[in-house]
Each structure stands twice: as structure tokens, then as C-alpha cells.
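**Q** File target_23.txt follows (compact mmCIF, C-alpha atoms):
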# COMPACT_ATOMS: atom_id res chain seq x y z
CA MET U 72 47.44 85.16 199.29
CA SER U 73 45.67 87.12 201.96
CA PHE U 74 43.52 90.18 201.35
CA PHE U 75 46.01 92.26 203.34
CA ASN U 76 48.87 91.23 201.03
CA LYS U 77 46.80 92.19 198.00
CA VAL U 78 46.26 95.65 199.43
CA LEU U 79 49.96 96.07 200.16
CA ALA U 80 50.85 95.04 196.59
CA SER U 81 48.37 97.48 195.09
CA VAL U 82 50.12 100.42 196.75
CA GLY U 83 53.58 99.23 195.78
CA ILE U 84 54.76 97.77 199.10
CA GLY U 85 56.56 94.46 198.71
CA SER U 86 56.23 94.71 194.93
CA ALA U 87 58.49 93.53 192.13
CA LYS U 88 62.06 94.76 191.70
CA VAL U 89 63.77 95.35 188.39
CA ASP U 90 67.47 95.48 187.49
CA THR U 91 68.96 95.96 184.03
CA LYS U 92 72.41 94.63 183.19
CA LEU U 93 74.10 95.92 180.05
CA GLU U 94 76.62 93.89 178.06
CA LYS U 95 78.67 97.08 177.69
CA ASP U 96 78.17 100.62 178.91
CA SER U 97 79.35 102.44 175.79
CA ALA U 98 78.26 102.49 172.15
CA ALA U 99 78.17 104.80 169.15
CA PRO U 100 74.94 106.07 167.58
CA GLY U 101 73.55 103.34 165.34
CA GLU U 102 75.30 100.55 167.26
CA ALA U 103 73.51 97.77 169.13
CA LEU U 104 73.15 97.79 172.90
CA ARG U 105 72.48 94.40 174.48
CA GLY U 106 71.57 93.31 177.95
CA VAL U 107 69.12 91.53 180.18
CA VAL U 108 66.35 92.78 182.45
CA GLU U 109 66.10 90.86 185.71
CA ILE U 110 62.73 90.99 187.46
CA THR U 111 62.26 89.63 190.95
CA GLY U 112 58.78 89.15 192.33
CA GLY U 113 57.76 90.67 195.63
CA SER U 114 55.84 89.19 198.50
CA THR U 115 52.71 88.69 196.43
CA GLU U 116 51.73 87.72 192.91
CA GLN U 117 51.48 90.68 190.52
CA LYS U 118 50.41 91.26 186.93
CA ILE U 119 53.02 93.11 184.86
CA ASP U 120 51.24 95.05 182.12
CA ASP U 121 54.33 96.27 180.31
CA ILE U 122 58.12 96.24 180.40
CA TYR U 123 59.93 99.02 178.61
CA LEU U 124 63.33 100.63 178.18
CA SER U 125 63.60 104.34 177.53
CA LEU U 126 66.68 106.20 176.35
CA ASN U 127 66.92 109.67 177.89
CA THR U 128 69.04 112.77 178.25
CA THR U 129 68.59 116.32 179.52
CA TYR U 130 68.53 119.54 177.56
CA ILE U 131 68.30 123.28 178.15
CA LYS U 132 64.90 124.81 177.53
CA GLU U 133 64.14 128.52 177.47
CA SER U 134 60.86 130.10 178.49
CA ASP U 135 60.08 133.70 179.47
CA ASP U 136 63.79 134.58 179.12
CA LYS U 137 64.70 131.91 181.68
CA LYS U 138 66.69 128.77 181.04
CA TYR U 139 66.09 125.51 182.84
CA THR U 140 67.04 121.85 182.43
CA VAL U 141 64.43 119.25 181.44
CA SER U 142 64.55 115.55 180.63
CA GLY U 143 64.24 114.54 177.01
CA LEU U 144 63.10 111.18 175.67
CA ILE U 145 65.31 109.93 172.82
CA ASP U 146 63.49 106.65 172.22
CA ARG U 147 61.40 103.98 173.96
CA PHE U 148 61.51 100.23 173.44
CA ARG U 149 58.85 97.77 174.56
CA LEU U 150 60.28 94.44 175.72
CA ALA U 151 57.31 92.26 176.69
CA HIS U 152 53.56 92.04 176.80
CA SER U 153 51.62 91.50 180.01
CA PHE U 154 52.29 88.48 182.21
CA THR U 155 51.86 87.42 185.81
CA LEU U 156 54.88 87.35 188.13
CA ALA U 157 54.56 84.97 191.04
CA ALA U 158 55.72 85.88 194.54
CA ASN U 159 59.54 85.77 194.71
CA GLU U 160 59.73 84.57 191.09
CA ARG U 161 62.85 85.58 189.16
CA LYS U 162 62.53 86.27 185.44
CA GLU U 163 65.12 87.33 182.87
CA ILE U 164 64.27 89.11 179.63
CA PRO U 165 67.15 89.58 177.16
CA PHE U 166 67.05 92.58 174.81
CA THR U 167 68.89 94.18 171.92
CA PHE U 168 68.23 97.61 170.48
CA ASN U 169 70.13 100.01 168.27
CA LEU U 170 70.96 103.46 169.57
CA PRO U 171 69.16 105.94 167.31
CA THR U 172 71.57 107.71 164.96
CA ASP U 173 70.60 111.08 166.47
CA THR U 174 71.47 110.05 170.04
CA PRO U 175 73.61 112.82 171.63
CA LEU U 176 77.23 112.07 172.46
CA SER U 177 78.53 111.90 176.02
CA PHE U 178 80.50 115.14 175.94
CA GLY U 179 80.58 117.93 178.48
CA LYS U 180 77.38 118.18 180.49
CA THR U 181 75.49 115.74 178.27
CA LYS U 182 74.50 112.56 180.10
CA ILE U 183 72.55 109.68 178.58
CA TRP U 184 70.84 106.91 180.48
CA VAL U 185 68.66 103.87 179.97
CA ALA U 186 65.62 103.72 182.25
CA THR U 187 63.85 100.40 182.74
CA GLY U 188 60.29 100.36 183.96
CA LEU U 189 57.57 97.88 184.81
CA ASP U 190 53.99 99.00 184.32
CA ILE U 191 52.00 97.56 187.21
CA LYS U 192 48.36 98.56 187.48
CA ASN U 193 47.43 100.33 190.73
CA ALA U 194 50.99 100.10 192.03
CA VAL U 195 54.09 102.22 192.34
CA ASP U 196 55.93 101.15 189.19
CA PRO U 197 59.49 99.98 189.91
CA ALA U 198 62.21 101.45 187.73
CA ASP U 199 65.96 101.20 187.15
CA LYS U 200 68.36 103.80 185.72
CA ASP U 201 71.70 103.01 184.04
CA TYR U 202 74.02 105.63 182.55
CA ILE U 203 75.75 104.80 179.29
CA ARG U 204 78.59 106.45 177.41
CA VAL U 205 77.69 107.35 173.84
CA VAL U 206 80.85 107.75 171.77
CA ALA U 207 81.30 109.32 168.35
CA ASN U 208 81.07 107.09 165.30
CA PRO U 209 84.01 107.25 162.85
CA LEU U 210 82.43 110.01 160.75
CA MET U 211 81.61 112.25 163.72
CA ASP U 212 85.00 111.51 165.26
CA SER U 213 86.80 112.60 162.10
CA VAL U 214 84.90 115.92 162.10
CA LEU U 215 85.67 116.64 165.77
CA ASN U 216 89.33 115.68 165.33
CA ALA U 217 89.62 117.83 162.20
CA VAL U 218 88.27 120.89 164.05
CA SER U 219 90.74 120.28 166.90
CA SER U 220 93.61 119.90 164.42
CA MET U 221 92.85 123.38 163.06
CA GLY U 222 93.61 124.93 166.45
CA PHE U 223 90.17 124.84 168.08
CA ARG U 224 89.49 123.63 171.63
CA LEU U 225 86.15 122.19 172.66
CA ARG U 226 84.75 124.60 175.25
CA GLU U 227 81.31 123.12 175.76
CA ALA U 228 78.96 120.45 174.44
CA GLU U 229 75.35 120.78 175.44
CA CYS U 230 71.87 119.80 174.30
CA GLU U 231 69.56 122.74 173.79
CA GLN U 232 65.98 123.18 172.68
CA ALA U 233 65.99 123.32 168.90
CA PRO U 234 64.42 126.25 167.07
CA HIS U 235 61.55 125.14 164.84
CA ARG U 236 63.59 125.54 161.65
CA LEU U 237 66.16 123.04 162.94
CA ARG U 238 63.80 120.65 164.72
CA SER U 239 63.51 117.13 163.37
CA ARG U 240 62.55 114.00 165.33
CA LEU U 241 63.78 115.32 168.67
CA PRO U 242 62.90 118.66 170.31
CA PHE U 243 66.59 119.42 170.95
CA ILE U 244 69.96 119.45 169.22
CA GLN U 245 73.46 118.96 170.59
CA GLU U 246 75.85 121.85 169.99
CA PHE U 247 79.64 121.51 170.12
CA GLU U 248 81.14 124.90 170.89
CA PHE U 249 84.81 125.41 169.95
CA VAL U 250 87.13 128.36 170.53
CA PRO U 251 90.32 129.03 168.51
CA VAL U 252 93.40 128.78 170.72
CA SER U 253 96.05 128.47 168.00
CA GLY U 254 96.42 128.29 164.24
CA PRO U 255 95.07 130.55 161.49
CA TYR U 256 91.71 131.34 163.13
CA ARG U 257 92.98 132.63 166.44
CA GLY U 258 92.17 136.34 166.47
CA LYS U 259 89.82 135.97 163.51
CA LEU U 260 86.97 133.97 165.02
CA ASP U 261 85.28 134.15 168.40
CA GLU U 262 83.95 130.63 168.27
CA LEU U 263 82.81 127.80 166.05
CA GLU U 264 79.66 125.78 166.77
CA VAL U 265 79.09 122.38 165.19
CA VAL U 266 75.80 120.44 165.03
CA PHE U 267 75.36 116.96 163.52
CA PHE U 268 72.20 115.89 161.65
CA PRO U 269 72.58 112.16 160.79
CA GLN U 270 70.58 111.09 157.74
CA ALA U 271 68.81 107.80 157.04
CA ASN U 272 71.09 107.05 154.08
CA GLY U 273 74.23 106.99 156.25
CA GLU U 274 75.32 110.52 155.37
CA THR U 275 75.58 113.23 158.00
CA GLU U 276 74.55 116.82 157.46
CA ILE U 277 76.64 119.29 159.43
CA MET U 278 75.71 122.80 160.41
CA ILE U 279 78.55 125.08 161.40
CA GLN U 280 78.02 128.49 162.93
CA VAL U 281 81.03 130.68 162.23
CA ASP U 282 81.20 133.53 164.74
CA ARG U 283 83.63 136.13 163.41
CA LYS U 284 85.36 138.71 165.52
CA ALA U 285 83.74 142.03 164.70
CA ARG U 286 86.26 144.77 163.96
CA GLY U 287 86.20 148.53 163.60
CA LEU U 288 83.67 151.14 164.67
CA GLY U 289 80.75 148.96 163.60
CA GLY U 290 82.06 145.97 165.51
CA PHE U 291 79.93 146.44 168.58
CA LEU U 292 76.79 146.96 166.52
CA ALA U 293 77.55 143.90 164.39
CA GLU U 294 77.89 141.70 167.46
CA ALA U 295 74.81 143.20 169.11
CA LEU U 296 72.74 142.36 166.04
CA GLU U 297 74.51 139.01 165.59
CA MET U 298 75.53 140.11 162.09
CA ASP U 299 78.95 138.56 162.69
CA GLU U 300 77.52 135.01 162.62
CA THR U 301 77.25 132.84 159.54
CA PHE U 302 75.47 129.48 159.33
CA VAL U 303 76.85 126.92 156.88
CA ARG U 304 75.27 123.54 156.08
CA PHE U 305 76.92 120.75 154.12
CA THR U 306 76.95 116.97 153.94
CA VAL U 307 79.77 114.53 154.68
CA THR U 308 80.09 110.78 154.14
CA ASN U 309 82.53 108.09 155.22
CA ALA U 310 84.37 108.68 151.95
CA ASP U 311 85.31 112.15 153.24
CA ILE U 312 87.05 110.84 156.38
CA PRO U 313 90.61 110.79 154.93
CA TYR U 314 90.18 114.38 153.72
CA MET U 315 87.96 115.77 156.46
CA GLN U 316 90.34 118.48 157.64
CA GLN U 317 90.80 119.84 154.11
CA LYS U 318 87.04 119.82 153.55
CA LEU U 319 86.30 121.70 156.76
CA GLN U 320 89.18 124.09 156.14
CA SER U 321 87.75 125.06 152.74
CA VAL U 322 84.31 125.67 154.24
CA ILE U 323 85.44 127.71 157.25
CA ALA U 324 88.01 129.74 155.28
CA LYS U 325 85.24 131.25 153.15
CA TYR U 326 83.62 132.87 156.15
CA ALA U 327 86.50 133.60 158.52
Could you spell out this file's structure in C-alpha cells?

**A**
Amino acid sequence: MSFFNKVLASVGIGSAKVDTKLEKDSAAPGEALRGVVEITGGSTEQKIDDIYLSLNTTYIKESDDKKYTVSGLIDRFRLAHSFTLAANERKEIPFTFNLPTDTPLSFGKTKIWVATGLDIKNAVDPADKDYIRVVANPLMDSVLNAVSSMGFRLREAECEQAPHRLRSRLPFIQEFEFVPVSGPYRGKLDELEVVFFPQANGETEIMIQVDRKARGLGGFLAEALEMDETFVRFTVTNADIPYMQQKLQSVIAKYA
């Protein structure tokens, strides 16, 4: 290998290429995602210091009364330790990892992707980006379907920066915003917001924000001070799935 080729490799010209192939492009939180990372060497031998997969999304952050979109890291998985990749060598590294249980769902504006990167010292690190579809697990699905069955329509699903009192492992939460279009809550509620907090024991804590329609002379003041909003937290398990609509109905009816 000539000195000139070494210099080119150090600045990322003619360097390794990486491509990640997923066995499937959709999974529910907690499920396994499998695939293989294909690495093809460039025009010169290179030392790969690290290979990693990162699971990412975007969320809305607020600062100085302005909102902007930032990338958020959900998790990162290391696939291999350092090794040397010969010129034009092709290497495959299979992988399996479980989607974290608090991975946001692919609803509305929420996008989730897997980024693959090679850490190459003194070089422009090659990377690959693959979008995946994160679907609701049976427990989440039963909650969302139950809300829809009560006459609510999903208006928006978005990840937003979490206030400190609601922050856990991630700096953001995903909010599902529903509006009543039919049924008993049309005319009574402005909206219903649902947030999932999966627990390590398989249960899921749910926070519901019930936004009542303010009525009467004090209505405007109530809405201005957000006194018409009530936050309710409760836990559901897979055993609740057959009766999910009744359970949610009893909770929401207390505050509507």
C-alpha cells in the first residue's frame, strides 16, 4: 500500500462502505429485530475500531418559547470490537437486539430509524440509515382501539420533550392526542391525550390528560389557567385486554 493511499484512507476517500439489511422492517416494542451488517473494504486496508447500531427518533424541544425538532437516541448496540478490514474485503456481521419497551410507535409524525456506523480513526466514518415501523404491542393496541371505540379520533401522535416530573430513561415522551367526534364525550371534552409508560414487570402505566370543555362565564378563565385539564394515571396488564374499553370508560367518565 502506497503512502498516498494511506493518506487518502485517513481522510475518508476510498474507505469502507457499510450496509445494514433487516430481516423485517416492523416490530413491536420488546420484540427482536434481526439482520446483518455488510461491510465492504475500500481501496486500502483500514482498522475498524467499533461497529454500532443506534435506534433513533426525533422529538419536539422547547427553548426560549420556541419549538424545534431534534434527534433523540433511544438506544445503542455495539456489534463488534476492533478489527482490520483488508482492501476490498467483504465482511458480514449478524445481529439481534430487542426494541426497548419504551420505543415510540410509528404514528403520525413519529419516525424511527436504525443507524449503522463504523468508527474509523482519522477517517470520515461511514454510516447507514434504515427506517423501521414500530407497531403497537397487544396491550397498547387494545388501549388505542378502546379509545377509538368510544368515539375519539386520533388527531396527532408526536414525541415531545418530557417535563422533569414525567422523565424516565428517555428525555421525551410520545403523546397520542384524540378528539371526540361521536359518542358520549362529543361536546363534553375538547381532547384526550394518552401517554404510555411501559414497566419492567410487563405492566404498562398509562397517563391520560382529560381536557374538559369549559362552560359558563368562568369558562374562558378556566381554559386560560388550564384548570379544565385533569391528569389521571393508572396501570393496565394483558389481563385487562378483554375489558379495556370498560376500564377506560370508568376512568374517563369520572372526569368528563

**Q** Just to confirm, what's the straight-line distance from atom CA of Leu241 of chain U to atom CA of Leu170 of chain U in Å (one decimal)?

**A** 13.9 Å

**Q** Between U:Glu246, U:Glu264, U:Glu109, U:Glu276, which has the minimum distance to Glu160 of chain U (counting all atoms listed in the file)?

**A**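 Between U:Glu246, U:Glu264, U:Glu109, U:Glu276, the residue approaching Glu160 of chain U most closely is U:Glu109.
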
**Q** Here is a test: counting all atoms listed in the file, which residue of U:Val303, U:Ala103, U:Leu260, U:Ala98 is nearest to Asn208 of chain U?

**A** U:Ala98

**Q** Neighbourhood query: residues within 8 Å of (90.4, 130.4, 160.4), file coordinates, counting only C-alpha atoms; return as a ChimeraX atom specification.

**A** /U:221,254-257,259-260,320,323-324,327

**Q** May I have the residues from that selection written out with C-alpha atoms, as a PDB file, keeping the file's coordinate frame?

**A**
ATOM      1  CA  MET U 221      92.850 123.380 163.060  1.00  0.00           C
ATOM      2  CA  GLY U 254      96.420 128.290 164.240  1.00  0.00           C
ATOM      3  CA  PRO U 255      95.070 130.550 161.490  1.00  0.00           C
ATOM      4  CA  TYR U 256      91.710 131.340 163.130  1.00  0.00           C
ATOM      5  CA  ARG U 257      92.980 132.630 166.440  1.00  0.00           C
ATOM      6  CA  LYS U 259      89.820 135.970 163.510  1.00  0.00           C
ATOM      7  CA  LEU U 260      86.970 133.970 165.020  1.00  0.00           C
ATOM      8  CA  GLN U 320      89.180 124.090 156.140  1.00  0.00           C
ATOM      9  CA  ILE U 323      85.440 127.710 157.250  1.00  0.00           C
ATOM     10  CA  ALA U 324      88.010 129.740 155.280  1.00  0.00           C
ATOM     11  CA  ALA U 327      86.500 133.600 158.520  1.00  0.00           C
TER      12      ALA U 327
END

**Q** Point out the residue among U:Pro175, U:Ser213, U:Ser134, U:Thr181 with the least atom-to-atom distance to Tyr314 of chain U, counting all atoms listed in the file.

**A**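 Of all the options, U:Ser213 lies closest to Tyr314 of chain U.
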
**Q** Could you jot down the atom CA of Ile145 of chain U to atom CA of Ile164 of chain U separation for me, Å, one decimal place?

**A**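 Spanning atom CA of Ile145 of chain U to atom CA of Ile164 of chain U is a straight-line distance of 21.9 Å.
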
**Q** Atom CA of Thr187 of chain U and atom CA of Asp90 of chain U are how many Å apart?

**A** 7.7 Å

**Q** Please provide the set of residues having any atom within 8 Å of Thr155 of chain U, restricted to all atoms listed in the file, with same-chain residues fewer than 3 positions apart removed, written as a compact mmCIF listing (two decimals) with C-alpha atoms, keeping the file's coordinate frame.

**A**
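Here's the written file selection.txt:
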# COMPACT_ATOMS: atom_id res chain seq x y z
CA GLU U 116 51.73 87.72 192.91
CA GLN U 117 51.48 90.68 190.52
CA LYS U 118 50.41 91.26 186.93
CA ILE U 119 53.02 93.11 184.86

**Q** In the coordinates of the file, take the point (74.8, 110.3, 171.3) and a cut-off of 9 Å; then, counting only C-alpha atoms, name each qualifying protein, DNA or RNA residue as a PyMOL selection string.

**A** chain U and resi 98-100+170-178+181+183+204-207+245

**Q** Under the rule that only C-alpha atoms are counted, which of U:Lys182, U:Thr91, U:Thr275, U:Arg226 is the nearest residue to Asp311 of chain U?

**A** U:Thr275

**Q** Set the distance at 6 Å and use only C-alpha atoms: which residues neighbour Glu262 of chain U once local chain neighbours fewer than 5 positions away are removed? I'd like the list as a CSV table (one decimal) with C-alpha atoms, in the frame of the given file.

**A**
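The new file selection_19.csv reads:
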chain,number,residue,atom,x,y,z
U,249,PHE,CA,84.8,125.4,170.0
U,250,VAL,CA,87.1,128.4,170.5
U,282,ASP,CA,81.2,133.5,164.7

**Q** Compare U:Leu319, U:Ala87, U:Val141, U:Ala158 by their minimum atom-to-atom distance to Gln232 of chain U, counting all atoms listed in the file, and give me the closest one.

**A** U:Val141
